[in-house]
>>> print(open('target-v2.cif').read())   # mmCIF, C-alpha atoms
data_input
loop_
_atom_site.label_atom_id
_atom_site.label_comp_id
_atom_site.auth_asym_id
_atom_site.auth_seq_id
_atom_site.Cartn_x
_atom_site.Cartn_y
_atom_site.Cartn_z
CA MET A 1 22.42 -72.27 -8.79
CA GLN A 2 21.92 -69.80 -11.60
CA PRO A 3 23.46 -66.36 -11.31
CA ALA A 4 21.10 -63.43 -10.75
CA PRO A 5 20.07 -61.78 -13.99
CA VAL A 6 21.92 -58.56 -14.77
CA ARG A 7 19.57 -55.52 -15.03
CA PRO A 8 20.15 -53.44 -18.13
CA ARG A 9 22.05 -50.18 -17.49
CA ALA A 10 19.20 -48.17 -19.02
CA LEU A 11 16.76 -49.48 -16.45
CA ARG A 12 19.12 -48.74 -13.59
CA ALA A 13 19.57 -45.17 -14.81
CA ALA A 14 15.86 -44.52 -15.34
CA PRO A 15 15.03 -43.35 -11.77
CA SER A 16 17.91 -40.84 -11.75
CA VAL A 17 16.99 -39.50 -15.20
CA LEU A 18 13.36 -39.10 -14.08
CA ALA A 19 14.42 -37.22 -10.97
CA LEU A 20 16.63 -34.95 -13.03
CA GLY A 21 13.78 -34.27 -15.45
CA LEU A 22 11.40 -33.33 -12.64
CA ALA A 23 14.00 -30.99 -11.20
CA VAL A 24 14.41 -29.27 -14.57
CA LEU A 25 10.65 -28.89 -14.93
CA ALA A 26 10.47 -27.41 -11.47
CA CYS A 27 13.16 -24.88 -12.39
CA ASP A 28 11.35 -23.95 -15.60
CA ASP A 29 8.01 -23.55 -13.83
CA PRO A 30 7.83 -19.93 -12.57
CA ARG A 31 5.24 -20.95 -10.00
CA ALA A 32 7.49 -23.46 -8.30
CA PRO A 33 9.02 -22.24 -5.02
CA ALA A 34 12.74 -22.41 -4.46
CA PRO A 35 13.95 -25.61 -2.76
CA GLY A 36 13.48 -25.36 0.98
CA ALA A 37 11.33 -22.21 0.77
CA SER A 38 7.75 -22.23 1.94
CA THR A 39 4.94 -20.75 -0.14
CA ALA A 40 4.29 -18.08 2.48
CA SER A 41 7.90 -16.89 2.58
CA THR A 42 8.06 -16.74 -1.22
CA ALA A 43 4.93 -14.63 -1.38
CA SER A 44 6.18 -12.23 1.26
CA ALA A 45 9.53 -11.81 -0.50
CA ALA A 46 7.93 -10.50 -3.69
CA PRO A 47 5.53 -7.63 -2.94
CA ALA A 48 3.12 -6.79 -5.70
CA ALA A 49 4.07 -3.79 -7.86
CA PRO A 50 1.61 -0.89 -7.93
CA SER A 51 -0.83 -0.99 -10.80
CA ALA A 52 -0.35 1.36 -13.75
CA SER A 53 -3.52 3.23 -12.88
CA ALA A 54 -2.37 3.79 -9.30
CA ALA A 55 1.03 5.03 -10.44
CA ALA A 56 -0.54 7.43 -12.91
CA THR A 57 -3.00 8.93 -10.43
CA PRO A 58 -1.98 12.56 -9.72
CA THR A 59 -1.75 13.85 -6.20
CA ALA A 60 -4.63 15.87 -4.86
CA ARG A 61 -2.52 19.07 -4.96
CA GLU A 62 -1.26 18.62 -8.53
CA ALA A 63 -2.66 21.06 -11.09
CA PRO A 64 -4.07 19.21 -14.11
CA LYS A 65 -2.03 19.40 -17.27
CA ARG A 66 -3.55 20.76 -20.46
CA GLU A 67 -2.80 20.97 -24.15
CA MET A 68 -1.24 24.30 -25.14
CA PRO A 69 -0.53 25.91 -28.51
CA PRO A 70 3.09 25.99 -29.74
CA ARG A 71 5.39 28.05 -27.57
CA PRO A 72 7.49 30.77 -29.26
CA VAL A 73 10.49 29.65 -27.16
CA PRO A 74 11.11 26.27 -25.47
CA LEU A 75 9.59 25.63 -22.04
CA GLY A 76 12.07 26.75 -19.43
CA SER A 77 12.96 29.89 -21.39
CA SER A 78 10.96 33.06 -20.73
CA GLY A 79 12.20 34.83 -23.84
CA PRO A 80 11.72 37.73 -23.92
CA ILE A 81 10.13 38.06 -27.35
CA GLN A 82 11.77 41.15 -28.81
CA PRO A 83 10.00 43.81 -30.92
CA SER A 84 12.28 42.75 -33.79
CA ALA A 85 11.18 39.08 -33.59
CA PRO A 86 9.59 37.59 -36.72
CA PRO A 87 5.83 38.19 -36.97
CA GLU A 88 5.19 34.44 -36.69
CA GLN A 89 6.98 34.30 -33.33
CA GLN A 90 5.12 37.35 -32.06
CA MET A 91 1.80 35.79 -33.08
CA MET A 92 2.75 32.57 -31.29
CA ALA A 93 3.45 34.60 -28.14
CA ILE A 94 0.01 36.22 -28.31
CA GLN A 95 -1.76 32.89 -28.83
CA TYR A 96 0.22 31.24 -26.03
CA THR A 97 -0.42 33.94 -23.44
CA LEU A 98 -4.14 33.88 -24.28
CA ALA A 99 -4.19 30.12 -23.76
CA MET A 100 -2.41 30.51 -20.42
CA VAL A 101 -5.33 32.54 -19.04
CA SER A 102 -8.15 30.54 -20.69
CA PRO A 103 -9.99 28.46 -18.06
CA GLN A 104 -10.66 24.76 -18.53
CA PRO A 105 -13.49 22.67 -16.99
CA THR A 106 -10.98 21.16 -14.53
CA ASP A 107 -9.76 24.54 -13.24
CA PRO A 108 -11.06 25.76 -9.86
CA LEU A 109 -13.71 28.46 -9.70
CA VAL A 110 -12.60 31.97 -8.78
CA ASP A 111 -12.45 32.53 -5.03
CA LYS A 112 -13.45 36.17 -4.60
CA THR A 113 -12.45 36.17 -0.93
CA TYR A 114 -8.86 35.27 -1.85
CA LEU A 115 -8.85 37.72 -4.76
CA ASP A 116 -10.10 40.62 -2.65
CA ALA A 117 -7.42 39.87 -0.04
CA ILE A 118 -4.44 39.40 -2.39
CA VAL A 119 -4.94 42.51 -4.59
CA PRO A 120 -4.19 45.08 -1.84
CA LYS A 121 -1.26 42.98 -0.60
CA LEU A 122 0.25 42.97 -4.09
CA ALA A 123 -0.30 46.73 -4.37
CA VAL A 124 1.81 47.24 -1.24
CA ALA A 125 4.38 44.72 -2.50
CA VAL A 126 4.88 46.34 -5.90
CA ARG A 127 5.35 49.80 -4.41
CA THR A 128 8.15 48.36 -2.30
CA ALA A 129 9.80 46.39 -5.11
CA ASP A 130 9.37 48.88 -7.96
CA LYS A 131 12.60 50.37 -9.36
CA GLY A 132 10.68 53.21 -11.00
CA LYS A 133 7.55 55.26 -10.40
CA THR A 134 4.62 52.99 -9.57
CA PRO A 135 1.44 53.88 -11.49
CA PRO A 136 -1.72 54.62 -9.52
CA ASN A 137 -3.87 51.58 -8.73
CA PRO A 138 -1.11 49.21 -9.85
CA VAL A 139 -2.93 45.89 -9.35
CA LYS A 140 -6.12 44.75 -11.02
CA ALA A 141 -7.93 41.52 -11.82
CA THR A 142 -8.73 40.98 -15.51
CA LYS A 143 -9.91 38.24 -17.90
CA GLY A 144 -12.90 37.36 -15.74
CA ASN A 145 -10.74 37.48 -12.57
CA ARG A 146 -8.52 34.74 -14.03
CA LYS A 147 -5.49 37.03 -14.30
CA ILE A 148 -3.87 39.45 -11.87
CA GLU A 149 -1.96 42.25 -13.62
CA VAL A 150 0.66 44.20 -11.69
CA ASP A 151 1.75 47.51 -13.27
CA MET A 152 5.10 48.95 -12.25
CA GLY A 153 7.43 51.74 -13.32
CA LYS A 154 10.53 49.61 -13.94
CA GLY A 155 11.94 46.22 -13.05
CA CYS A 156 9.51 43.65 -14.49
CA THR A 157 11.41 40.39 -15.10
CA GLU A 158 10.47 36.73 -15.42
CA ARG A 159 10.90 36.30 -11.64
CA THR A 160 8.90 39.35 -10.56
CA PRO A 161 5.35 37.86 -10.50
CA SER A 162 6.28 34.84 -8.39
CA ASN A 163 8.48 36.92 -6.08
CA LEU A 164 5.74 39.48 -5.51
CA ILE A 165 3.07 36.93 -4.65
CA ALA A 166 5.25 34.53 -2.64
CA GLN A 167 7.89 36.64 -0.92
CA ARG A 168 6.12 39.97 -0.52
CA ALA A 169 2.38 39.16 -0.41
CA GLY A 170 2.63 36.04 1.77
CA SER A 171 0.91 33.71 -0.67
CA SER A 172 2.02 31.32 -3.44
CA LEU A 173 1.34 30.37 -7.04
CA ARG A 174 -0.30 27.19 -5.76
CA ASP A 175 -2.70 29.17 -3.58
CA ALA A 176 -3.49 31.49 -6.49
CA TYR A 177 -4.30 28.52 -8.72
CA ASP A 178 -6.51 26.95 -6.06
CA ALA A 179 -8.37 30.28 -5.97
CA GLY A 180 -9.02 30.08 -9.72
CA ILE A 181 -6.34 32.59 -10.77
CA LEU A 182 -4.45 31.21 -13.76
CA VAL A 183 -1.86 33.93 -14.49
CA VAL A 184 -0.03 36.59 -12.49
CA SER A 185 1.75 39.16 -14.67
CA CYS A 186 3.97 42.19 -14.28
CA HIS A 187 4.12 45.08 -16.76
CA ASP A 188 6.58 47.97 -16.79
CA ASP A 189 7.64 50.55 -19.38
CA LEU A 190 9.22 47.88 -21.61
CA TRP A 191 8.06 44.33 -20.86
CA GLU A 192 5.16 42.20 -19.76
CA CYS A 193 5.87 38.83 -18.15
CA HIS A 194 3.14 36.22 -17.75
CA GLN A 195 3.57 33.68 -14.93
CA SER A 196 1.38 30.57 -15.08
CA THR A 197 0.03 29.36 -11.74
CA ARG A 198 -0.58 25.87 -13.18
CA ASP A 199 3.13 25.37 -13.89
CA PRO A 200 5.72 27.52 -12.06
CA SER A 201 8.25 26.86 -14.84
CA ASP A 202 5.94 28.37 -17.47
CA VAL A 203 6.82 32.08 -17.78
CA LEU A 204 6.74 34.08 -21.00
CA CYS A 205 7.86 37.70 -21.45
CA HIS A 206 7.40 39.93 -24.47
CA ALA A 207 7.85 43.56 -25.43
CA ALA A 208 4.84 45.63 -24.33
CA PRO A 209 5.71 49.32 -23.88
CA ARG A 210 3.07 51.06 -21.82
CA ARG A 211 1.24 53.75 -23.77
#
>>> encode(input="target-v2.cif", output="C-alpha cells")
Amino acid sequence: MQPAPVRPRALRAAPSVLALGLAVLACDDPRAPAPGASTASTASAAPAAPSASAAATPTAREAPKREMPPRPVPLGSSGPIQPSAPPEQQMMAIQYTLAMVSPQPTDPLVDKTYLDAIVPKLAVAVRTADKGKTPPNPVKATKGNRKIEVDMGKGCTERTPSNLIAQRAGSSLRDAYDAGILVVSCHDDLWECHQSTRDPSDVLCHAAPRR
C-alpha cells in the first residue's frame, strides 16, 4: 500500500491567503459595510451632509451684503474722524457714508406708512434723550427717504441712533431696513454719527459742527 501523496505547503496555504486577500480588499473598499453590519444600519449611521448651496443660503431675515468703498477706520470702530484727520481719511469718510445710504436693487422699497409713523416717535424720543437744546423739527427723512436724520443739541454718540429707534421709539434697525430705510443718523453741535440698518456693527462718526 503506497502512502498518500503529501500536498505541497503552498497549496495548503492558498485558501487562507485568498481569504486574507479578500478581507483586505473589503477593508480598502469604502463601499463595503463593516462586518456584521447591515446596509440599512450603515446608511442610517451616516446622515448626508448639507450641500454647499444649502449652507450658503441666507435666512429670509438676513440683509444682503454689498461691496463698500474703503472704510476710514476698521469695521467695529466708529471713529470719530477728527477735523485734524488727513484729507485722504476725511474723503474716505465722505465716500463711505454716501455708499451707506445708496440703495441697491436688492434693498426693500421705502414703506411710507412706517416712515410716517416712526418720524414723530423719534421726535419725541430725541427731546427726551437730548442733553442740550433740541432744534425745532428735529427729525426728517432725506436722501429719497433712505435716511432718517435726527438733530439734537448735545449728546450724539455712536450708540445714539440705535438707542433712539430701538429703546425709545419702539422699533428696531431691522424694521427700519425692511421699510427701505438704510441709515439712521444723529447730529449735534459737534458730531454726526451714521448707523447702518443693513449691519448693526457698521457705525461711522465724523466731525460735523452745525452751522
>>> resolve_selection(input="target-v2.cif", expression="the PyMOL selection byres ((chain A and resi 169) around 8)", output="ChimeraX atom specification")
/A:118,121-122,125,164-168,170-171
>>> closest_residue(input="target-v2.cif", among="A:Val101, A:Cys156, A:Ala176, A:Val184", to="A:Gly144", atoms="only C-alpha atoms")
A:Val101
>>> closest_residue(input="target-v2.cif", among="A:Cys186, A:Leu173, A:Ala85, A:Met100", to="A:Val139", atoms="only C-alpha atoms")
A:Cys186
>>> closest_residue(input="target-v2.cif", among="A:Tyr177, A:Gln89, A:Lys147, A:Val119", to="A:Pro74", atoms="only C-alpha atoms")
A:Gln89
>>> atom_distance(input="target-v2.cif", atom1="atom CA of A:Asp178", atom2="atom CA of A:Thr97")
19.7 Å
>>> closest_residue(input="target-v2.cif", among="A:Arg66, A:Arg127, A:Lys112, A:Arg174", to="A:Val150", atoms="all atoms listed in the file")
A:Arg127
>>> residues_near_point(input="target-v2.cif", point="(13.7, 38.6, -17.4)", cutoff="12 Å", atoms="all atoms listed in the file", output="list of chain:residue names")
A:Ser77, A:Ser78, A:Gly79, A:Pro80, A:Ile81, A:Gln82, A:Lys154, A:Gly155, A:Cys156, A:Thr157, A:Glu158, A:Arg159, A:Thr160, A:Pro161, A:Cys186, A:His187, A:Asp188, A:Leu190, A:Trp191, A:Glu192, A:Cys193, A:His194, A:Gln195, A:Val203, A:Leu204, A:Cys205, A:His206, A:Ala207
>>> write_last_selection(input="target-v2.cif", atoms="C-alpha atoms", output="compact mmCIF listing (two decimals), in the frame of the given file")
# COMPACT_ATOMS: atom_id res chain seq x y z
CA SER A 77 12.96 29.89 -21.39
CA SER A 78 10.96 33.06 -20.73
CA GLY A 79 12.20 34.83 -23.84
CA PRO A 80 11.72 37.73 -23.92
CA ILE A 81 10.13 38.06 -27.35
CA GLN A 82 11.77 41.15 -28.81
CA LYS A 154 10.53 49.61 -13.94
CA GLY A 155 11.94 46.22 -13.05
CA CYS A 156 9.51 43.65 -14.49
CA THR A 157 11.41 40.39 -15.10
CA GLU A 158 10.47 36.73 -15.42
CA ARG A 159 10.90 36.30 -11.64
CA THR A 160 8.90 39.35 -10.56
CA PRO A 161 5.35 37.86 -10.50
CA CYS A 186 3.97 42.19 -14.28
CA HIS A 187 4.12 45.08 -16.76
CA ASP A 188 6.58 47.97 -16.79
CA LEU A 190 9.22 47.88 -21.61
CA TRP A 191 8.06 44.33 -20.86
CA GLU A 192 5.16 42.20 -19.76
CA CYS A 193 5.87 38.83 -18.15
CA HIS A 194 3.14 36.22 -17.75
CA GLN A 195 3.57 33.68 -14.93
CA VAL A 203 6.82 32.08 -17.78
CA LEU A 204 6.74 34.08 -21.00
CA CYS A 205 7.86 37.70 -21.45
CA HIS A 206 7.40 39.93 -24.47
CA ALA A 207 7.85 43.56 -25.43
>>> residues_near_point(input="target-v2.cif", point="(8.9, 54.7, -9.5)", cutoff="12 Å", atoms="all atoms listed in the file", output="list in words")
Val126, Arg127, Thr128, Ala129, Asp130, Lys131, Gly132, Lys133, Thr134, Pro135, Pro136, Pro138, Asp151, Met152, Gly153, Lys154, Gly155, Asp188 and Asp189 of chain A
>>> atom_distance(input="target-v2.cif", atom1="atom CA of A:Gln95", atom2="atom CA of A:Gly180")
20.6 Å
>>> resolve_selection(input="target-v2.cif", expression="the PyMOL selection byres ((chain A and resi 145) around 10)", output="list in words")
Val101, Leu109, Val110, Asp111, Lys112, Leu115, Lys140, Ala141, Thr142, Lys143, Gly144, Arg146, Lys147, Ile148, Gly180, Ile181, Leu182 and Val183 of chain A
>>> atom_distance(input="target-v2.cif", atom1="atom CA of A:Asp202", atom2="atom CA of A:Gly76")
6.6 Å
>>> closest_residue(input="target-v2.cif", among="A:Glu149, A:Asp175, A:Pro86, A:Met92", to="A:Pro70", atoms="all atoms listed in the file")
A:Met92
>>> build_atoms(input="target-v2.cif", residues="stretch 74-85 of chain A", atoms="all heavy atoms", output="mmCIF file, keeping the file's coordinate frame")
data_model
loop_
_atom_site.group_PDB
_atom_site.id
_atom_site.type_symbol
_atom_site.label_atom_id
_atom_site.label_comp_id
_atom_site.auth_asym_id
_atom_site.auth_seq_id
_atom_site.Cartn_x
_atom_site.Cartn_y
_atom_site.Cartn_z
ATOM 1 N N PRO A 74 11.296 27.525 -26.202
ATOM 2 C CA PRO A 74 11.110 26.270 -25.470
ATOM 3 C C PRO A 74 10.706 26.521 -24.013
ATOM 4 O O PRO A 74 11.057 27.540 -23.420
ATOM 5 C CB PRO A 74 12.484 25.593 -25.553
ATOM 6 C CG PRO A 74 13.155 26.238 -26.726
ATOM 7 C CD PRO A 74 12.642 27.639 -26.786
ATOM 8 N N LEU A 75 9.960 25.550 -23.453
ATOM 9 C CA LEU A 75 9.590 25.630 -22.040
ATOM 10 C C LEU A 75 10.846 25.651 -21.191
ATOM 11 O O LEU A 75 11.770 24.871 -21.406
ATOM 12 C CB LEU A 75 8.709 24.433 -21.662
ATOM 13 C CG LEU A 75 8.119 24.464 -20.248
ATOM 14 C CD1 LEU A 75 7.174 25.641 -20.083
ATOM 15 C CD2 LEU A 75 7.384 23.161 -19.958
ATOM 16 N N GLY A 76 10.875 26.540 -20.224
ATOM 17 C CA GLY A 76 12.070 26.750 -19.430
ATOM 18 C C GLY A 76 12.756 28.056 -19.782
ATOM 19 O O GLY A 76 13.554 28.580 -19.002
ATOM 20 N N SER A 77 12.458 28.576 -20.972
ATOM 21 C CA SER A 77 12.960 29.890 -21.390
ATOM 22 C C SER A 77 11.797 30.868 -21.370
ATOM 23 O O SER A 77 10.712 30.576 -21.868
ATOM 24 C CB SER A 77 13.565 29.824 -22.795
ATOM 25 O OG SER A 77 13.847 31.131 -23.276
ATOM 26 N N SER A 78 12.018 32.044 -20.791
ATOM 27 C CA SER A 78 10.960 33.060 -20.730
ATOM 28 C C SER A 78 11.024 34.045 -21.872
ATOM 29 O O SER A 78 10.207 34.933 -21.979
ATOM 30 C CB SER A 78 11.047 33.812 -19.398
ATOM 31 O OG SER A 78 12.299 34.476 -19.301
ATOM 32 N N GLY A 79 11.998 33.880 -22.754
ATOM 33 C CA GLY A 79 12.200 34.830 -23.840
ATOM 34 C C GLY A 79 13.273 35.839 -23.426
ATOM 35 O O GLY A 79 14.350 35.431 -23.007
ATOM 36 N N PRO A 80 12.976 37.124 -23.491
ATOM 37 C CA PRO A 80 11.720 37.730 -23.920
ATOM 38 C C PRO A 80 11.603 37.776 -25.445
ATOM 39 O O PRO A 80 12.611 37.721 -26.146
ATOM 40 C CB PRO A 80 11.786 39.142 -23.344
ATOM 41 C CG PRO A 80 13.258 39.451 -23.300
ATOM 42 C CD PRO A 80 13.949 38.149 -23.023
ATOM 43 N N ILE A 81 10.376 37.897 -25.930
ATOM 44 C CA ILE A 81 10.130 38.060 -27.350
ATOM 45 C C ILE A 81 10.362 39.528 -27.697
ATOM 46 O O ILE A 81 9.644 40.404 -27.211
ATOM 47 C CB ILE A 81 8.702 37.621 -27.724
ATOM 48 C CG1 ILE A 81 8.416 36.220 -27.160
ATOM 49 C CG2 ILE A 81 8.501 37.670 -29.225
ATOM 50 C CD1 ILE A 81 9.355 35.143 -27.634
ATOM 51 N N GLN A 82 11.356 39.779 -28.508
ATOM 52 C CA GLN A 82 11.770 41.150 -28.810
ATOM 53 C C GLN A 82 10.839 41.797 -29.842
ATOM 54 O O GLN A 82 10.168 41.101 -30.616
ATOM 55 C CB GLN A 82 13.207 41.143 -29.359
ATOM 56 C CG GLN A 82 14.237 40.512 -28.440
ATOM 57 C CD GLN A 82 14.604 41.408 -27.273
ATOM 58 O OE1 GLN A 82 14.286 42.597 -27.256
ATOM 59 N NE2 GLN A 82 15.280 40.842 -26.275
ATOM 60 N N PRO A 83 10.800 43.134 -29.889
ATOM 61 C CA PRO A 83 10.000 43.810 -30.920
ATOM 62 C C PRO A 83 10.456 43.461 -32.331
ATOM 63 O O PRO A 83 9.667 43.521 -33.276
ATOM 64 C CB PRO A 83 10.201 45.298 -30.615
ATOM 65 C CG PRO A 83 10.670 45.354 -29.209
ATOM 66 C CD PRO A 83 11.411 44.081 -28.952
ATOM 67 N N SER A 84 11.736 43.087 -32.474
ATOM 68 C CA SER A 84 12.280 42.750 -33.790
ATOM 69 C C SER A 84 12.067 41.277 -34.157
ATOM 70 O O SER A 84 12.528 40.844 -35.220
ATOM 71 C CB SER A 84 13.773 43.070 -33.830
ATOM 72 O OG SER A 84 14.466 42.356 -32.804
ATOM 73 N N ALA A 85 11.400 40.505 -33.303
ATOM 74 C CA ALA A 85 11.180 39.080 -33.590
ATOM 75 C C ALA A 85 10.302 38.933 -34.827
ATOM 76 O O ALA A 85 9.490 39.804 -35.141
ATOM 77 C CB ALA A 85 10.525 38.408 -32.383
#
